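Worksheet: the structure to be examined is printed underneath.
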Amino acid sequence: MLAGFCLLIALALLALSTLVFRPAPTMGTFPLAVGATELGHWFALAALAVALAAPKSDPVGMAAAGLAGIAFAFFLVPAVRAARNAWRLQAALRALGEAPPVFSWRRLFCWPERHRPEGKRMVADGVGFDFYRARGRSAAPLVVVVHGGGWMAGAADELAGWNRWLAARGVAVAAVEYTLVPGAVWPRQRDEVRAVIAHVRAEAAVFGVDPSRVVLLGRSAGGQIASALAALPGQPWLRGCVCLYAPFDLEFAYTHGREDDVLRSRWLLRSYLGGTPEEVPAAYREASAYAEVRADAPPFLLLHGGRDELVWRVQTERFAARLAERGVEHVFLELPWATHAFDYNLHGPGGQVFAAAITAFLARTCGTDAMSAAG
């Protein structure tokens with residue numbers, strides 16, 4: 001009985017652990033890939049427990065122990081790869097100045113934080129946003145968060161644990177809830193983010209922020225919106241732009257996308273931009289920071305997983321090359337083990353790299369006092 005139960009659990013864990021190496025077959029199983037890569041060390045403990053508990057006197061138990069042992073090894077691969085790449089990522093961050101360590105085995109086993117939204121819901125010109133006041137200071141830097149979701153899903157409370165994390169360290173956060181497809185087409189989403197920024201800056205004393213120290217942070221589709229906004233001229237108050245696993249060239253995305261891929265990419269881009277690149281070329285160009293970025297653009301921090309199956313990492317590689325070509329200060333961190341949404345677990349391999357990177361980036365762009373030791 002025990003041997004059979006252990007075998008079932010071992011098979012389930014082994015199946016999950018294979019997502020460390022292979023793409024999730026459907027959008028429905030994609031969260032499992034995130035769990036396998038960024039919470040895999042916890043699953044490794046479960047696999048170890050099964051391997052130890054399986055009765056070795058029984059052939060079924062022996063098989064369960066062996067399969068659980070394989071799953072244990074697979075689950076640890078992301079953490080091992082993060083540890084092996086830590087020196088490279090740390091060296092890249094040194095371009096920003098002093099940076100905290102990018103990986104710690106001890107932090108890896110801190111209990112994962114829940115993404116519990118605690119911001120105050122507010123409205124600016126009809127646009128909703130969640131505001132997180134900086135703890136323990138006034139005139140704080142402001143990070144404006146633009147959520148992902150492929151422009152057709154997502155909300156301001158996406159990965160809210162990071163918003164709380166920033167606020168606890170003396171950085172105010174405004175997480176914007178822009179209008180989703182099919183409710184609006186580009187550039188309404190960008191303009192809604194601009195409206196929230198204008199509102200918070202105009203009421204800086206009320207919000208406790210420094211209107212001259214604003215940084216954009218966008219994930220996935222939100223990174224496209226944030227980067228396109230950062231490419232606009234005449235924004236001296238914008239100190240930087242942080243983009244995680246984002247598309248920067250939408251004509252490139254349309255050309256290389258398919259009607260039947262996991263995101264229905266071409267249909268999605270037509271819905272978002274109002275047509276094909278041939279029908280609305282100006283919209284594709286305006287929405288693509290790759291095409292519009294200027295030499296006087298603010299610094300960029302770019303992060304992308306090496307095995308991202310939703311947004312091709314080549315998008316960020318090409319954009320980093322374009323920034324270098326135009327002389328824009330930037331840092332690009334590629335996480336070889338990581339898939340999309342690698343920052344889901346604040347203490348996971350990807351979460352640790354992001355925490356170190358944004359800490360260094362805010363110190364560089366908003367001053368050495370940008371983040372306090374609070375929280």
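Identifiers in the structure tokens: chain A, B, ... in order shown; residue index from 1 per chain; ligand index from 1 in order shown.
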
Pull the closest atom pair for each residue of range 36-150 of chain A that gets at most 12 Å from range 200-217 of chain A, along with the distance in Å to one decimal, counting only C-alpha atoms, ordering rows by chain and then ascending residue number, as CSV.
residue,atom,partner,partner_atom,distance
A:Lys120,CA,A:Phe207,CA,11.2
A:Met122,CA,A:Val200,CA,10.4
A:Val123,CA,A:Val200,CA,10.3
A:Ala124,CA,A:Val200,CA,8.4
A:Asp125,CA,A:Val200,CA,11.3
A:Phe129,CA,A:Val200,CA,10.4
A:Asp130,CA,A:Val200,CA,11.5
A:Phe131,CA,A:Phe207,CA,8.6
A:Tyr132,CA,A:Phe207,CA,9.2
A:Arg133,CA,A:Phe207,CA,7.0
A:Ala134,CA,A:Gly208,CA,7.5
A:Arg135,CA,A:Gly208,CA,9.9
A:Gly136,CA,A:Gly208,CA,10.3
A:Arg137,CA,A:Gly208,CA,7.6
A:Ser138,CA,A:Gly208,CA,4.6
A:Ala139,CA,A:Val209,CA,4.1
A:Ala140,CA,A:Val209,CA,4.4
A:Pro141,CA,A:Arg213,CA,5.1
A:Leu142,CA,A:Val214,CA,4.8
A:Val143,CA,A:Val215,CA,4.8
A:Val144,CA,A:Leu216,CA,4.9
A:Val145,CA,A:Leu217,CA,4.8
A:Val146,CA,A:Leu217,CA,6.2
A:His147,CA,A:Leu217,CA,8.5
A:Gly148,CA,A:Leu217,CA,10.6

Would you mind exporting C-alpha atoms of the selected residues as a compact mmCIF listing (two decimals), in the first residue's frame?
# COMPACT_ATOMS: atom_id res chain seq x y z
CA LYS A 120 -4.99 51.72 -1.64
CA MET A 122 -7.38 55.15 -6.33
CA VAL A 123 -8.52 56.67 -9.61
CA ALA A 124 -6.88 59.27 -11.87
CA ASP A 125 -8.78 60.54 -14.90
CA PHE A 129 -4.35 52.24 -9.73
CA ASP A 130 -3.18 50.74 -6.46
CA PHE A 131 -0.94 53.01 -4.41
CA TYR A 132 1.59 51.74 -1.88
CA ARG A 133 2.98 54.52 0.32
CA ALA A 134 6.69 54.34 1.06
CA ARG A 135 7.28 53.24 4.63
CA GLY A 136 9.15 55.60 6.89
CA ARG A 137 9.87 58.46 4.50
CA SER A 138 8.44 61.32 2.48
CA ALA A 139 9.62 62.57 -0.91
CA ALA A 140 10.25 58.94 -1.83
CA PRO A 141 11.15 57.67 -5.28
CA LEU A 142 8.10 56.43 -7.19
CA VAL A 143 7.99 53.15 -9.13
CA VAL A 144 5.08 52.93 -11.57
CA VAL A 145 4.22 49.29 -12.21
CA VAL A 146 2.56 48.20 -15.47
CA HIS A 147 1.20 44.65 -15.26
CA GLY A 148 1.47 41.86 -17.82

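Near range 323-339 of chain A, within 7 Å and counting only C-alpha atoms, sit Val34, Thr37, Pro78, Arg81, Leu89, Ala92, Arg294, Ala295, Asp296, Ala297, Pro299, Phe300, Leu301, Leu302, Leu303, His304, Gly305, Gly306, Arg307, Asp308, Glu309 and Gly350 of chain A; same-chain residues fewer than 6 positions away were not included.
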
Those residues with N, CA and C atoms, as a compact mmCIF listing (two decimals), in the first residue's frame please?
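Okay, this is what ended up in again_13.txt:
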# COMPACT_ATOMS: atom_id res chain seq x y z
N VAL A 34 6.47 27.48 -14.04
CA VAL A 34 6.99 28.50 -13.12
C VAL A 34 7.27 27.88 -11.76
N THR A 37 10.46 25.69 -11.81
CA THR A 37 11.74 26.40 -11.90
C THR A 37 12.00 27.33 -10.72
N PRO A 78 17.47 24.41 -11.47
CA PRO A 78 17.42 25.87 -11.55
C PRO A 78 18.28 26.55 -10.49
N ARG A 81 21.94 26.15 -11.37
CA ARG A 81 22.31 27.03 -12.48
C ARG A 81 22.37 28.49 -12.04
N LEU A 89 26.14 37.36 -13.35
CA LEU A 89 25.08 38.33 -13.12
C LEU A 89 25.56 39.45 -12.21
N ALA A 92 27.67 41.85 -14.17
CA ALA A 92 26.86 42.74 -15.00
C ALA A 92 26.25 43.85 -14.18
N ARG A 294 15.57 56.77 -28.19
CA ARG A 294 16.48 57.84 -28.56
C ARG A 294 17.76 57.75 -27.74
N ALA A 295 18.76 58.49 -28.18
CA ALA A 295 20.03 58.49 -27.47
C ALA A 295 19.91 59.10 -26.08
N ASP A 296 18.92 59.99 -25.89
CA ASP A 296 18.76 60.64 -24.59
C ASP A 296 17.71 59.95 -23.72
N ALA A 297 17.38 58.71 -24.05
CA ALA A 297 16.42 57.95 -23.25
C ALA A 297 17.01 57.65 -21.87
N PRO A 299 18.03 55.39 -18.47
CA PRO A 299 18.64 54.05 -18.37
C PRO A 299 17.57 52.95 -18.32
N PHE A 300 17.95 51.78 -18.83
CA PHE A 300 17.08 50.62 -18.84
C PHE A 300 17.72 49.47 -18.07
N LEU A 301 16.89 48.74 -17.33
CA LEU A 301 17.27 47.47 -16.73
C LEU A 301 16.40 46.41 -17.37
N LEU A 302 17.02 45.42 -18.01
CA LEU A 302 16.31 44.40 -18.77
C LEU A 302 16.62 43.03 -18.19
N LEU A 303 15.57 42.23 -17.94
CA LEU A 303 15.74 40.87 -17.47
C LEU A 303 14.87 39.93 -18.30
N HIS A 304 15.44 38.77 -18.65
CA HIS A 304 14.69 37.82 -19.47
C HIS A 304 15.19 36.41 -19.17
N GLY A 305 14.26 35.46 -19.11
CA GLY A 305 14.61 34.07 -18.91
C GLY A 305 15.11 33.44 -20.20
N GLY A 306 16.14 32.62 -20.09
CA GLY A 306 16.72 31.99 -21.28
C GLY A 306 15.80 30.98 -21.94
N ARG A 307 14.83 30.44 -21.18
CA ARG A 307 13.92 29.44 -21.77
C ARG A 307 12.46 29.91 -21.71
N ASP A 308 12.29 31.21 -21.84
CA ASP A 308 10.94 31.79 -21.85
C ASP A 308 10.17 31.29 -23.07
N GLU A 309 9.02 30.65 -22.84
CA GLU A 309 8.24 30.11 -23.95
C GLU A 309 7.10 31.03 -24.39
N GLY A 350 15.07 33.28 -9.60
CA GLY A 350 14.79 34.49 -10.37
C GLY A 350 14.43 35.67 -9.50

Item to check | Which of range 210-283 of chain A DSSP labels alpha helix (DSSP H), written as a PyMOL selection string | outcome: chain A and resi 221-230+250-256+265-273+281-283

Grab the residues selected above and save them as a PDB file, in the first residue's frame with C-alpha atoms.
ATOM      1  CA  ALA A 221       3.026  43.174 -22.067  1.00  0.00           C
ATOM      2  CA  GLY A 222       3.442  45.843 -19.393  1.00  0.00           C
ATOM      3  CA  GLY A 223       7.113  46.043 -20.300  1.00  0.00           C
ATOM      4  CA  GLN A 224       6.119  46.896 -23.858  1.00  0.00           C
ATOM      5  CA  ILE A 225       3.920  49.737 -22.586  1.00  0.00           C
ATOM      6  CA  ALA A 226       6.550  50.963 -20.126  1.00  0.00           C
ATOM      7  CA  SER A 227       9.390  50.904 -22.659  1.00  0.00           C
ATOM      8  CA  ALA A 228       7.317  52.670 -25.334  1.00  0.00           C
ATOM      9  CA  LEU A 229       6.482  55.371 -22.783  1.00  0.00           C
ATOM     10  CA  ALA A 230      10.141  55.655 -21.759  1.00  0.00           C
ATOM     11  CA  LEU A 250       5.909  44.380 -32.245  1.00  0.00           C
ATOM     12  CA  GLU A 251       6.435  44.162 -35.995  1.00  0.00           C
ATOM     13  CA  PHE A 252       9.150  41.559 -35.275  1.00  0.00           C
ATOM     14  CA  ALA A 253       6.692  39.782 -32.952  1.00  0.00           C
ATOM     15  CA  TYR A 254       4.028  39.729 -35.670  1.00  0.00           C
ATOM     16  CA  THR A 255       6.452  38.461 -38.304  1.00  0.00           C
ATOM     17  CA  HIS A 256       7.669  35.614 -36.092  1.00  0.00           C
ATOM     18  CA  SER A 265       0.119  36.074 -31.224  1.00  0.00           C
ATOM     19  CA  ARG A 266      -0.940  37.504 -34.553  1.00  0.00           C
ATOM     20  CA  TRP A 267      -4.599  37.763 -33.574  1.00  0.00           C
ATOM     21  CA  LEU A 268      -3.584  39.357 -30.282  1.00  0.00           C
ATOM     22  CA  LEU A 269      -1.361  41.968 -31.943  1.00  0.00           C
ATOM     23  CA  ARG A 270      -4.064  42.841 -34.476  1.00  0.00           C
ATOM     24  CA  SER A 271      -6.556  43.272 -31.637  1.00  0.00           C
ATOM     25  CA  TYR A 272      -4.143  45.389 -29.596  1.00  0.00           C
ATOM     26  CA  LEU A 273      -2.841  47.638 -32.374  1.00  0.00           C
ATOM     27  CA  PRO A 281       2.448  50.685 -39.586  1.00  0.00           C
ATOM     28  CA  ALA A 282       2.540  53.823 -37.431  1.00  0.00           C
ATOM     29  CA  ALA A 283       0.915  52.005 -34.502  1.00  0.00           C
TER      30      ALA A 283
END

Item to check | Exercise: Phe75 in chain A partners within 9 Å, only C-alpha atoms, chain neighbours under 6 positions left out, as JSON, numbers by chain | outcome: {"A": [14, 16, 17, 18, 20, 36, 37, 39, 40, 41, 42, 43, 44, 47]}

Next on the checklist: Can you pull out the residues contacting Pro349 in chain A? Cut-off 6 Å, using only C-alpha atoms, and skip same-chain residues under 2 positions away; I want them as an MDAnalysis selection string.
Outcome noted: chainID A and resid 79 82 351:352

Those residues with N, CA and C atoms, as a short mmCIF file (atom, residue, chain, number, x, y, z; two decimals), in the first residue's frame please?
data_model
loop_
_atom_site.label_atom_id
_atom_site.label_comp_id
_atom_site.auth_asym_id
_atom_site.auth_seq_id
_atom_site.Cartn_x
_atom_site.Cartn_y
_atom_site.Cartn_z
N ALA A 79 18.23 26.07 -9.25
CA ALA A 79 19.03 26.68 -8.19
C ALA A 79 20.52 26.50 -8.45
N ALA A 82 21.47 28.88 -11.14
CA ALA A 82 21.52 30.24 -10.60
C ALA A 82 22.82 30.46 -9.83
N GLY A 351 13.67 35.44 -8.44
CA GLY A 351 13.31 36.52 -7.54
C GLY A 351 14.51 37.16 -6.87
N GLN A 352 15.48 36.35 -6.50
CA GLN A 352 16.68 36.89 -5.87
C GLN A 352 17.46 37.78 -6.83
#

Checklist entry - Smallest atom-to-atom distance to Ser372 in chain A: which of A:Phe30, A:Ser220, A:Leu310, A:Ala168, using only C-alpha atoms? => result A:Ala168
